[in-house]
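Shown below: work-v7.txt, with compact mmCIF, C-alpha atoms.
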# COMPACT_ATOMS: atom_id res chain seq x y z
CA MET A 1 0.00 0.00 0.00
CA LYS A 2 2.84 2.39 0.83
CA SER A 3 4.47 1.67 -2.51
CA PHE A 4 1.26 2.51 -4.34
CA PHE A 5 0.87 5.87 -2.60
CA PHE A 6 4.56 6.56 -3.06
CA ILE A 7 4.28 6.12 -6.83
CA ILE A 8 1.13 8.28 -7.05
CA ILE A 9 2.71 11.11 -5.03
CA LEU A 10 5.98 10.87 -6.95
CA VAL A 11 4.08 11.17 -10.23
CA LEU A 12 2.29 14.27 -8.90
CA LEU A 13 5.64 15.75 -7.86
CA LEU A 14 7.22 15.19 -11.27
CA PHE A 15 4.08 16.46 -12.98
CA SER A 16 4.19 19.65 -10.89
CA ILE A 17 7.84 20.23 -11.79
CA PHE A 18 7.04 19.68 -15.46
CA GLU A 19 4.13 22.16 -15.35
CA LEU A 20 6.15 24.68 -13.37
CA ASN A 21 8.79 24.50 -16.08
CA LYS A 22 6.14 25.87 -18.44
CA ASP A 23 5.10 28.68 -16.12
CA ILE A 24 7.38 29.39 -13.17
CA THR A 25 4.86 31.84 -11.70
CA ASP A 26 2.10 29.22 -11.23
CA LYS A 27 1.66 29.09 -7.45
CA LYS A 28 -0.56 26.02 -7.36
CA TYR A 29 2.23 23.82 -8.73
CA LYS A 30 4.72 25.35 -6.33
CA LEU A 31 2.39 24.43 -3.48
CA LEU A 32 1.86 20.96 -4.91
CA ILE A 33 5.62 20.38 -5.06
CA VAL A 34 5.97 21.32 -1.38
CA LEU A 35 3.04 19.09 -0.32
CA THR A 36 4.15 16.05 -2.34
CA THR A 37 7.70 16.44 -1.02
CA ILE A 38 6.45 16.42 2.57
CA LEU A 39 4.22 13.41 1.90
CA LEU A 40 7.07 11.45 0.36
CA VAL A 41 9.23 12.02 3.44
CA CYS A 42 6.40 10.95 5.73
CA ILE A 43 5.53 7.79 3.79
CA THR A 44 8.98 6.40 2.98
CA PRO A 45 11.98 8.43 4.16
CA LEU A 46 14.49 6.11 2.51
CA TYR A 47 12.94 6.16 -0.97
CA SER A 48 12.29 9.90 -0.71
CA ILE A 49 16.00 10.44 -0.08
CA LEU A 50 16.83 8.58 -3.28
CA CYS A 51 14.21 10.50 -5.25
CA PHE A 52 15.29 13.90 -3.95
CA PHE A 53 18.92 13.11 -4.67
CA ALA A 54 18.00 12.07 -8.21
CA ILE A 55 16.00 15.27 -8.76
CA PHE A 56 18.89 17.25 -7.25
CA LEU A 57 21.32 15.75 -9.78
CA VAL A 58 18.90 16.32 -12.65
CA SER A 59 18.49 19.94 -11.54
CA ILE A 60 22.26 20.42 -11.71
CA PHE A 61 22.31 18.99 -15.21
CA LEU A 62 19.37 21.08 -16.44
CA LEU A 63 20.80 24.19 -14.81
CA PHE A 64 23.65 24.09 -17.31
CA THR A 65 21.74 22.82 -20.34
CA LYS A 66 18.36 24.57 -20.26
CA LYS A 67 17.37 28.17 -20.64
CA ASN A 68 15.07 28.25 -17.59
CA LYS A 69 17.97 28.58 -15.17
CA ARG A 70 15.91 30.40 -12.53
CA LEU A 71 13.60 27.40 -12.09
CA TRP A 72 16.41 24.87 -11.81
CA LYS A 73 18.29 27.02 -9.35
CA HIS A 74 15.21 26.96 -7.15
CA MET A 75 14.77 23.20 -7.70
CA LEU A 76 18.44 22.64 -6.90
CA LEU A 77 18.16 24.56 -3.62
CA PHE A 78 14.76 23.13 -2.65
CA PHE A 79 15.58 19.47 -3.26
CA GLY A 80 19.03 19.86 -1.77
CA ILE A 81 17.37 20.98 1.46
CA ALA A 82 14.68 18.29 1.12
CA PHE A 83 17.40 15.66 0.68
CA LEU A 84 19.17 16.77 3.88
CA VAL A 85 15.94 16.92 5.89
CA ALA A 86 14.87 13.45 4.70
CA ALA A 87 18.32 12.07 5.51
CA ILE A 88 18.18 13.49 9.04
CA ILE A 89 14.69 12.11 9.61
CA PHE A 90 15.67 8.71 8.23
CA THR A 91 18.75 8.58 10.46
CA SER A 92 16.76 9.52 13.55
CA ILE A 93 14.10 6.86 13.01
CA THR A 94 16.38 4.08 11.83
CA PRO A 95 16.89 1.45 14.57
CA SER A 96 20.34 1.37 16.11
CA ILE A 97 20.42 -2.38 15.52
CA THR A 98 18.88 -4.74 12.99
CA LYS A 99 17.53 -8.27 13.21
CA SER A 100 20.76 -9.48 11.70
CA ASP A 101 22.69 -7.71 14.47
CA ILE A 102 20.49 -9.39 17.07
CA ASP A 103 21.07 -12.81 15.51
CA ASN A 104 24.80 -12.31 15.94
CA MET A 105 24.58 -11.04 19.53
CA SER A 106 25.73 -13.03 22.54
CA ASP A 107 23.36 -13.50 25.48
CA ASP A 108 25.27 -10.87 27.45
CA GLU A 109 24.86 -8.34 24.64
CA LYS A 110 21.13 -9.05 24.43
CA MET A 111 20.88 -8.72 28.20
CA GLU A 112 22.27 -5.17 28.00
CA TYR A 113 19.17 -4.18 26.03
CA ILE A 114 16.77 -6.18 28.20
CA TYR A 115 18.04 -5.29 31.69
CA ASP A 116 20.53 -2.41 31.44
CA ALA A 117 18.76 0.55 33.06
CA ASP A 118 21.77 2.89 33.05
CA ASP A 119 21.48 4.06 29.46
CA ASP A 120 17.97 2.73 28.72
CA LYS A 121 19.09 0.82 25.64
CA GLY A 122 15.96 -1.29 25.64
CA LYS A 123 13.58 1.67 25.98
CA LYS A 124 15.35 3.58 23.21
CA LEU A 125 15.19 0.58 20.90
CA TYR A 126 11.49 0.10 21.70
CA GLU A 127 10.82 3.74 20.82
CA GLU A 128 12.87 3.48 17.63
CA ASP A 129 11.31 0.30 16.31
CA LYS A 130 8.88 -1.85 18.28
CA ASP A 131 9.22 -4.77 15.87
CA ILE A 132 12.99 -4.90 16.31
CA TYR A 133 12.64 -4.76 20.09
CA LYS A 134 10.03 -7.52 20.06
CA TYR A 135 12.36 -9.61 17.91
CA LEU A 136 15.14 -9.09 20.48
CA PHE A 137 12.71 -9.90 23.31
CA LYS A 138 11.76 -13.22 21.71
CA LYS A 139 15.38 -14.10 21.01
CA TYR A 140 16.30 -13.50 24.65
CA PHE A 141 13.28 -14.93 26.49
CA ASP A 142 12.13 -17.37 23.80
CA LYS A 143 8.61 -15.95 24.22
CA ASP A 144 6.50 -13.72 22.00
CA TYR A 145 6.35 -10.21 23.39
CA ASP A 146 2.67 -9.76 22.53
CA LEU A 147 1.71 -12.99 24.33
CA VAL A 148 3.24 -11.89 27.64
CA LYS A 149 0.52 -10.55 29.93
CA ILE A 150 1.31 -7.82 32.43
CA PRO A 151 -0.69 -7.18 35.62
CA ASN A 152 -2.88 -4.17 36.26
CA GLU A 153 -2.44 -1.72 39.13
CA LYS A 154 -4.79 -3.65 41.40
CA THR A 155 -2.71 -6.80 41.02
CA ILE A 156 0.55 -4.87 41.48
CA ASN A 157 -0.68 -3.56 44.83
CA LYS A 158 -1.13 -7.13 46.05
CA ILE A 159 2.32 -8.32 45.02
CA LYS A 160 4.67 -8.89 47.95
CA ASP A 161 7.40 -10.92 46.30
CA SER A 162 9.41 -10.16 43.16
CA ASN A 163 9.10 -13.83 42.20
CA GLU A 164 5.38 -13.33 41.57
CA LEU A 165 6.23 -11.63 38.27
CA SER A 166 8.28 -13.46 35.66
CA PRO A 167 11.30 -11.67 34.13
CA GLU A 168 9.32 -11.37 30.89
CA GLN A 169 6.43 -9.68 32.68
CA SER A 170 8.57 -7.25 34.64
CA THR A 171 10.53 -6.33 31.49
CA LYS A 172 7.38 -5.66 29.49
CA LEU A 173 5.85 -3.77 32.41
CA GLU A 174 8.89 -1.49 32.59
CA ILE A 175 8.72 -0.81 28.85
CA GLU A 176 5.00 -0.19 28.51
CA LYS A 177 4.02 1.17 31.94
CA PRO A 178 7.09 2.71 33.58
CA LYS A 179 5.12 4.46 36.35
CA LEU A 180 3.36 1.24 37.32
CA TYR A 181 6.72 -0.54 37.16
CA ASP A 182 8.18 1.99 39.61
CA LYS A 183 5.26 1.33 41.93
CA TYR A 184 5.90 -2.40 41.61
CA LEU A 185 9.55 -1.86 42.55
CA GLU A 186 8.57 0.19 45.58
CA THR A 187 6.17 -2.53 46.72
CA VAL A 188 8.70 -5.32 46.21
CA ASP A 189 11.54 -3.32 47.78
CA THR A 190 9.42 -2.60 50.85
CA SER A 191 8.41 -6.24 51.15
CA PHE A 192 12.01 -7.28 50.66
CA ASP A 193 13.18 -4.90 53.39
CA GLU A 194 10.49 -6.24 55.71
CA GLU A 195 11.54 -9.79 54.89
CA ILE A 196 15.21 -9.00 55.58
CA GLU A 197 14.27 -7.28 58.83
CA LYS A 198 12.17 -10.27 59.88
CA GLU A 199 15.01 -12.66 59.04
CA GLN A 200 17.38 -10.56 61.12
CA GLU A 201 14.94 -10.57 64.03
CA ASP A 202 14.48 -14.32 63.69
CA THR A 203 18.25 -14.75 63.65
CA GLU A 204 18.63 -12.61 66.74
CA ASP A 205 15.84 -14.53 68.47
CA THR A 206 17.49 -17.81 67.51
CA GLU A 207 20.83 -16.62 68.80
CA ASP A 208 19.22 -15.47 72.05
CA THR A 209 17.31 -18.76 72.33
CA GLU A 210 20.44 -20.80 71.80
CA SER A 211 22.27 -18.69 74.34
CA ASP A 212 19.51 -19.13 76.95
CA GLU A 213 19.37 -22.87 76.32
CA ASP A 214 23.12 -23.08 76.83
CA LYS A 215 22.85 -21.11 80.06
CA LEU A 216 20.12 -23.41 81.34
CA LYS A 217 22.04 -26.54 80.40
CA ASP A 218 25.26 -25.35 82.00
CA SER A 219 23.53 -24.24 85.18
CA ILE A 220 21.46 -27.43 85.53
CA ASP A 221 24.49 -29.59 84.76
CA SER A 222 26.47 -27.86 87.53
CA GLU A 223 23.71 -28.63 90.08
CA LEU A 224 22.65 -32.08 88.91
CA THR A 225 24.50 -34.84 90.73
CA SER A 226 25.53 -37.67 88.43
CA GLY A 227 24.17 -40.16 90.93
CA HIS A 228 20.69 -38.68 90.53
CA GLY A 229 20.44 -38.44 86.75
CA SER A 230 21.61 -36.65 83.62
CA ILE A 231 20.23 -34.10 81.18
CA LYS A 232 18.27 -35.61 78.30
CA SER A 233 17.18 -32.33 76.69
CA VAL A 234 16.61 -28.64 77.39
CA ASP A 235 14.40 -26.56 75.08
CA TYR A 236 13.83 -22.84 75.55
CA TYR A 237 10.87 -21.04 73.94
CA ASN A 238 10.25 -17.31 73.63
CA ASP A 239 7.03 -16.84 71.68
CA SER A 240 3.45 -15.65 71.97
CA LEU A 241 2.92 -18.05 74.88
CA GLY A 242 5.70 -16.40 76.85
CA GLU A 243 9.16 -17.47 77.98
CA ASN A 244 9.13 -21.14 78.83
CA ALA A 245 11.46 -24.10 79.06
CA VAL A 246 10.92 -27.84 78.71
CA ILE A 247 13.51 -29.91 80.58
CA VAL A 248 13.81 -33.68 80.44
CA ILE A 249 16.07 -35.56 82.87
CA LYS A 250 17.12 -39.16 82.44
CA GLY A 251 16.93 -41.05 85.74
CA LYS A 252 19.92 -43.00 87.03
CA GLU A 253 19.61 -46.74 86.34
CA ASN A 254 20.92 -49.87 88.08
CA LEU A 255 19.95 -48.71 91.57
CA SER A 256 17.59 -50.17 94.13
CA ASP A 257 13.95 -49.15 93.80
CA LYS A 258 14.17 -46.83 96.80
CA MET A 259 17.42 -45.25 95.67
CA THR A 260 16.03 -44.85 92.16
CA SER A 261 12.87 -43.04 93.27
CA GLU A 262 14.75 -40.87 95.77
CA GLY A 263 17.42 -40.10 93.19
CA MET A 264 14.79 -38.93 90.70
CA ARG A 265 13.25 -36.57 93.26
CA TYR A 266 16.69 -35.20 94.00
CA ALA A 267 17.21 -34.81 90.26
CA VAL A 268 14.07 -32.65 90.01
CA ALA A 269 15.17 -30.55 93.00
CA ASP A 270 18.68 -30.14 91.57
CA THR A 271 17.20 -29.07 88.23
CA VAL A 272 14.99 -26.45 89.89
CA LYS A 273 18.07 -25.00 91.60
CA GLY A 274 19.94 -24.99 88.31
CA VAL A 275 17.12 -23.13 86.55
CA ARG A 276 16.98 -20.55 89.32
CA ASP A 277 20.75 -20.00 89.28
CA SER A 278 20.85 -19.67 85.47
CA ARG A 279 19.21 -16.22 85.68
CA VAL A 280 17.43 -16.97 82.40
CA SER A 281 14.17 -15.05 82.07
CA LEU A 282 11.30 -17.54 82.34
CA ASP A 283 7.59 -17.52 83.08
CA THR A 284 7.22 -21.24 83.63
CA PHE A 285 9.21 -24.40 83.03
CA THR A 286 8.51 -28.11 83.11
CA ILE A 287 10.75 -30.85 84.46
CA ASP A 288 10.07 -34.44 83.47
CA VAL A 289 12.10 -37.47 84.48
CA ILE A 290 12.24 -40.46 82.13
CA TYR A 291 13.17 -44.00 83.08
CA PRO A 292 12.85 -47.46 81.51
CA VAL A 293 9.57 -49.06 82.60
CA GLU A 294 8.30 -52.50 81.69
CA ASP A 295 4.57 -52.88 81.07
CA ASP A 296 2.33 -55.88 81.81
CA THR A 297 3.11 -57.50 78.46
CA GLY A 298 6.85 -57.43 79.08
CA ASN A 299 7.63 -54.58 76.66
CA THR A 300 10.00 -51.90 77.93
CA ASN A 301 9.45 -48.20 77.33
CA HIS A 302 12.92 -46.69 77.76
CA ASP A 303 11.62 -43.11 77.82
CA PHE A 304 8.67 -43.45 80.14
CA HIS A 305 7.88 -40.21 81.99
CA VAL A 306 7.86 -41.34 85.61
CA ILE A 307 7.77 -37.76 86.95
CA LYS A 308 5.98 -34.81 85.38
CA SER A 309 6.11 -31.36 86.94
CA GLU A 310 5.46 -27.73 86.09
CA TRP A 311 6.98 -24.77 87.89
CA SER A 312 6.46 -21.03 88.12
CA MET A 313 9.65 -19.00 88.01
CA ASN A 314 8.17 -16.46 90.41
CA THR A 315 7.57 -19.19 92.99
CA VAL A 316 11.08 -20.57 92.57
CA LYS A 317 12.67 -17.12 92.93
CA ASN A 318 10.83 -16.55 96.22
CA MET A 319 12.02 -19.81 97.78
CA SER A 320 14.53 -19.53 100.60
CA SER A 321 17.81 -21.43 100.76
CA THR A 322 16.25 -23.81 103.30
CA ASP A 323 13.28 -24.40 101.02
CA LEU A 324 15.63 -25.29 98.19
CA GLU A 325 17.72 -27.62 100.36
CA LEU A 326 14.63 -29.58 101.41
CA LEU A 327 12.89 -29.30 98.06
CA ASN A 328 13.28 -33.00 97.22
CA THR A 329 10.84 -33.75 100.05
CA ASP A 330 8.34 -31.00 99.18
CA LEU A 331 8.21 -31.06 95.39
CA ASP A 332 4.42 -31.13 95.21
CA LYS A 333 4.23 -28.20 97.65
CA TYR A 334 6.07 -25.70 95.45
CA ALA A 335 5.33 -26.97 91.95
CA ASN A 336 2.31 -25.71 90.00
CA SER A 337 1.65 -29.37 89.25
CA TYR A 338 3.52 -32.50 90.22
CA ASP A 339 2.78 -36.10 89.27
CA GLU A 340 4.64 -39.33 89.92
CA SER A 341 3.93 -42.52 88.06
CA THR A 342 2.83 -45.55 90.06
CA ALA A 343 6.03 -47.17 88.83
CA LEU A 344 7.87 -45.15 91.51
CA LYS A 345 5.54 -46.19 94.32
Could you express the structure from this file as structure tokens?
Amino acid sequence: MKSFFFIIILVLLLFSIFELNKDITDKKYKLLIVLTTILLVCITPLYSILCFFAIFLVSIFLLFTKKNKRLWKHMLLFFGIAFLVAAIIFTSITPSITKSDIDNMSDDEKMEYIYDADDDKGKKLYEEDKDIYKYLFKKYFDKDYDLVKIPNEKTINKIKDSNELSPEQSTKLEIEKPKLYDKYLETVDTSFDEEIEKEQEDTEDTEDTESDEDKLKDSIDSELTSGHGSIKSVDYYNDSLGENAVIVIKGKENLSDKMTSEGMRYAVADTVKGVRDSRVSLDTFTIDVIYPVEDDTGNTNHDFHVIKSEWSMNTVKNMSSTDLELLNTDLDKYANSYDESTALK
């Protein structure tokens, strides 16, 4: 279609020059020459450059061979200027790269156009020639540009993670809707900062938790007599339920029944002293003692909880030295709850 209009307009231009050669004062043909020249530049800058250059050369020739020198001087000047203007326009709208250039590019070179925000290569190429940019886009992502769907503002506001948008989507969003893309970056950056902050807090909490667990273990271990039992596990929790600890003691084996039961009670009392001396901030803590117990069928449960107890740190802190020394005989008096299995009785 462009070629058809180009030929029609070119014929009108040449016709106007021919008629003006007959009567140089005819203004309508002068106007027609100007209009057709402008139209040629708008329709096909490249072909118009070639045409103007050809007319320019012909004007030089006719200037020296024809009598109507005034006309050809004007034609020479006019089409010389038209040639320069068309050349400038063509240069400004010609893509900086071609499809052939893209085919020969490495992935890193393509990436400079896709992701490099410093000199906006991709945006400039998109403005120069959308088809060339889309060709580059497909070569890099292996996806058709027009088939990539980008979210609307409502969806962008809900995005909390940069992974929710594919690289293709974020690239197209930046090209077509830069303001919305900036908003997307702000949302993701804020979420990312919050995520980093949360991770740091979690790390700090973990470090504090590990430190408190170590303090509890060391303090309990220093109080717990080996003849009474040993530490099985100590877990410290600082969460919405408060500051709590779960302590499990393994009772000493190979003793007489009486020594075993007494030793376990001493183990609980020693553990309470260790928790108190640790100076770890606690609301409550539990102390369970496990010991191998054989059931009626002859099966042995090696981790049977023969003693279960729960303690308030406030109560423990208010106990006197005498209370602590005699605690093994008054466990149920000071504990929030205290239960011994019938296996100890």
Excluding stretch 321-329 of chain A and any residue of its chain fewer than 4 positions from it, enumerate the residues within 8 Å of it, using all atoms listed in the file, and give them as a ChimeraX atom specification.
-> /A:265-266,268-269,273
Using all atoms listed in the file, determine which residues lie at most 12 Å from A:Val306, disregarding the query and same-chain residues fewer than 2 positions distant; provide the list as a VMD selection string.
-> chain A and resid 248 to 251 260 to 261 264 to 265 268 287 to 294 301 to 304 308 to 309 338 to 345
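Going from atom CA of A:Lys158 to atom CA of A:Lys134 covers 28.3 Å.
Of the listed residues A:Val41, A:Leu63, A:Cys51, A:Val34, the one whose atoms come nearest to A:Val85 is A:Val41, with distances taken using only C-alpha atoms.
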Got a sec: who's within 12 Å of A:Tyr237, counting only C-alpha atoms, leaving out chain neighbours fewer than 2 positions off, as a compact mmCIF listing (two decimals) with C-alpha atoms, in the coordinates of the input?
# COMPACT_ATOMS: atom_id res chain seq x y z
CA ASP A 205 15.84 -14.53 68.47
CA THR A 206 17.49 -17.81 67.51
CA ASP A 208 19.22 -15.47 72.05
CA THR A 209 17.31 -18.76 72.33
CA GLU A 210 20.44 -20.80 71.80
CA SER A 211 22.27 -18.69 74.34
CA ASP A 212 19.51 -19.13 76.95
CA GLU A 213 19.37 -22.87 76.32
CA VAL A 234 16.61 -28.64 77.39
CA ASP A 235 14.40 -26.56 75.08
CA ASP A 239 7.03 -16.84 71.68
CA SER A 240 3.45 -15.65 71.97
CA LEU A 241 2.92 -18.05 74.88
CA GLY A 242 5.70 -16.40 76.85
CA GLU A 243 9.16 -17.47 77.98
CA ASN A 244 9.13 -21.14 78.83
CA ALA A 245 11.46 -24.10 79.06
CA VAL A 246 10.92 -27.84 78.71
CA ILE A 247 13.51 -29.91 80.58
CA VAL A 280 17.43 -16.97 82.40
CA SER A 281 14.17 -15.05 82.07
CA LEU A 282 11.30 -17.54 82.34
CA ASP A 283 7.59 -17.52 83.08
CA THR A 284 7.22 -21.24 83.63
CA PHE A 285 9.21 -24.40 83.03
CA THR A 286 8.51 -28.11 83.11
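Rounded to one decimal, atom CA of A:Glu174 and atom CA of A:Asp108 lie 19.6 Å from each other.
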Atom-to-atom span, atom CA of A:Ile43 and atom CA of A:Phe5, Å | 8.1 Å
Can you list, as a ChimeraX atom specification, every protein, DNA or RNA residue that comes within 12 Å of A:Thr98 when you count only C-alpha atoms, leaving out same-chain residues fewer than 2 positions away?
-> /A:94-96,100-105,125,128-136
Since we have the selection now, will you write its residues out, keeping C-alpha atoms, as a PDB file, in the frame of the given file?
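What landed in out_0.pdb:
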ATOM      1  CA  THR A  94      16.380   4.080  11.830  1.00  0.00           C
ATOM      2  CA  PRO A  95      16.890   1.450  14.570  1.00  0.00           C
ATOM      3  CA  SER A  96      20.340   1.370  16.110  1.00  0.00           C
ATOM      4  CA  SER A 100      20.760  -9.480  11.700  1.00  0.00           C
ATOM      5  CA  ASP A 101      22.690  -7.710  14.470  1.00  0.00           C
ATOM      6  CA  ILE A 102      20.490  -9.390  17.070  1.00  0.00           C
ATOM      7  CA  ASP A 103      21.070 -12.810  15.510  1.00  0.00           C
ATOM      8  CA  ASN A 104      24.800 -12.310  15.940  1.00  0.00           C
ATOM      9  CA  MET A 105      24.580 -11.040  19.530  1.00  0.00           C
ATOM     10  CA  LEU A 125      15.190   0.580  20.900  1.00  0.00           C
ATOM     11  CA  GLU A 128      12.870   3.480  17.630  1.00  0.00           C
ATOM     12  CA  ASP A 129      11.310   0.300  16.310  1.00  0.00           C
ATOM     13  CA  LYS A 130       8.880  -1.850  18.280  1.00  0.00           C
ATOM     14  CA  ASP A 131       9.220  -4.770  15.870  1.00  0.00           C
ATOM     15  CA  ILE A 132      12.990  -4.900  16.310  1.00  0.00           C
ATOM     16  CA  TYR A 133      12.640  -4.760  20.090  1.00  0.00           C
ATOM     17  CA  LYS A 134      10.030  -7.520  20.060  1.00  0.00           C
ATOM     18  CA  TYR A 135      12.360  -9.610  17.910  1.00  0.00           C
ATOM     19  CA  LEU A 136      15.140  -9.090  20.480  1.00  0.00           C
TER      20      LEU A 136
END
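Proximity of A:Ile81, A:Val275, A:Leu62, A:Val148 to A:Leu165, computed with only C-alpha atoms, is greatest for A:Val148.
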Which residues, written as a ChimeraX atom specification, have at least one atom at most 12 Å from A:Ser278, with all atoms listed in the file counted and residues fewer than 5 positions away on the same chain left out?
-> /A:211-223,271-273,313,317
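Residue nearest A:Met111 within the list A:Ser166, A:Phe90, A:Lys139, A:Leu50: A:Lys139 [criterion: smallest interatomic distance, only C-alpha atoms].
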Which of A:Ile175, A:Leu180, A:Met319, A:Leu14 sits closest to A:Pro151 [using only C-alpha atoms] = A:Leu180
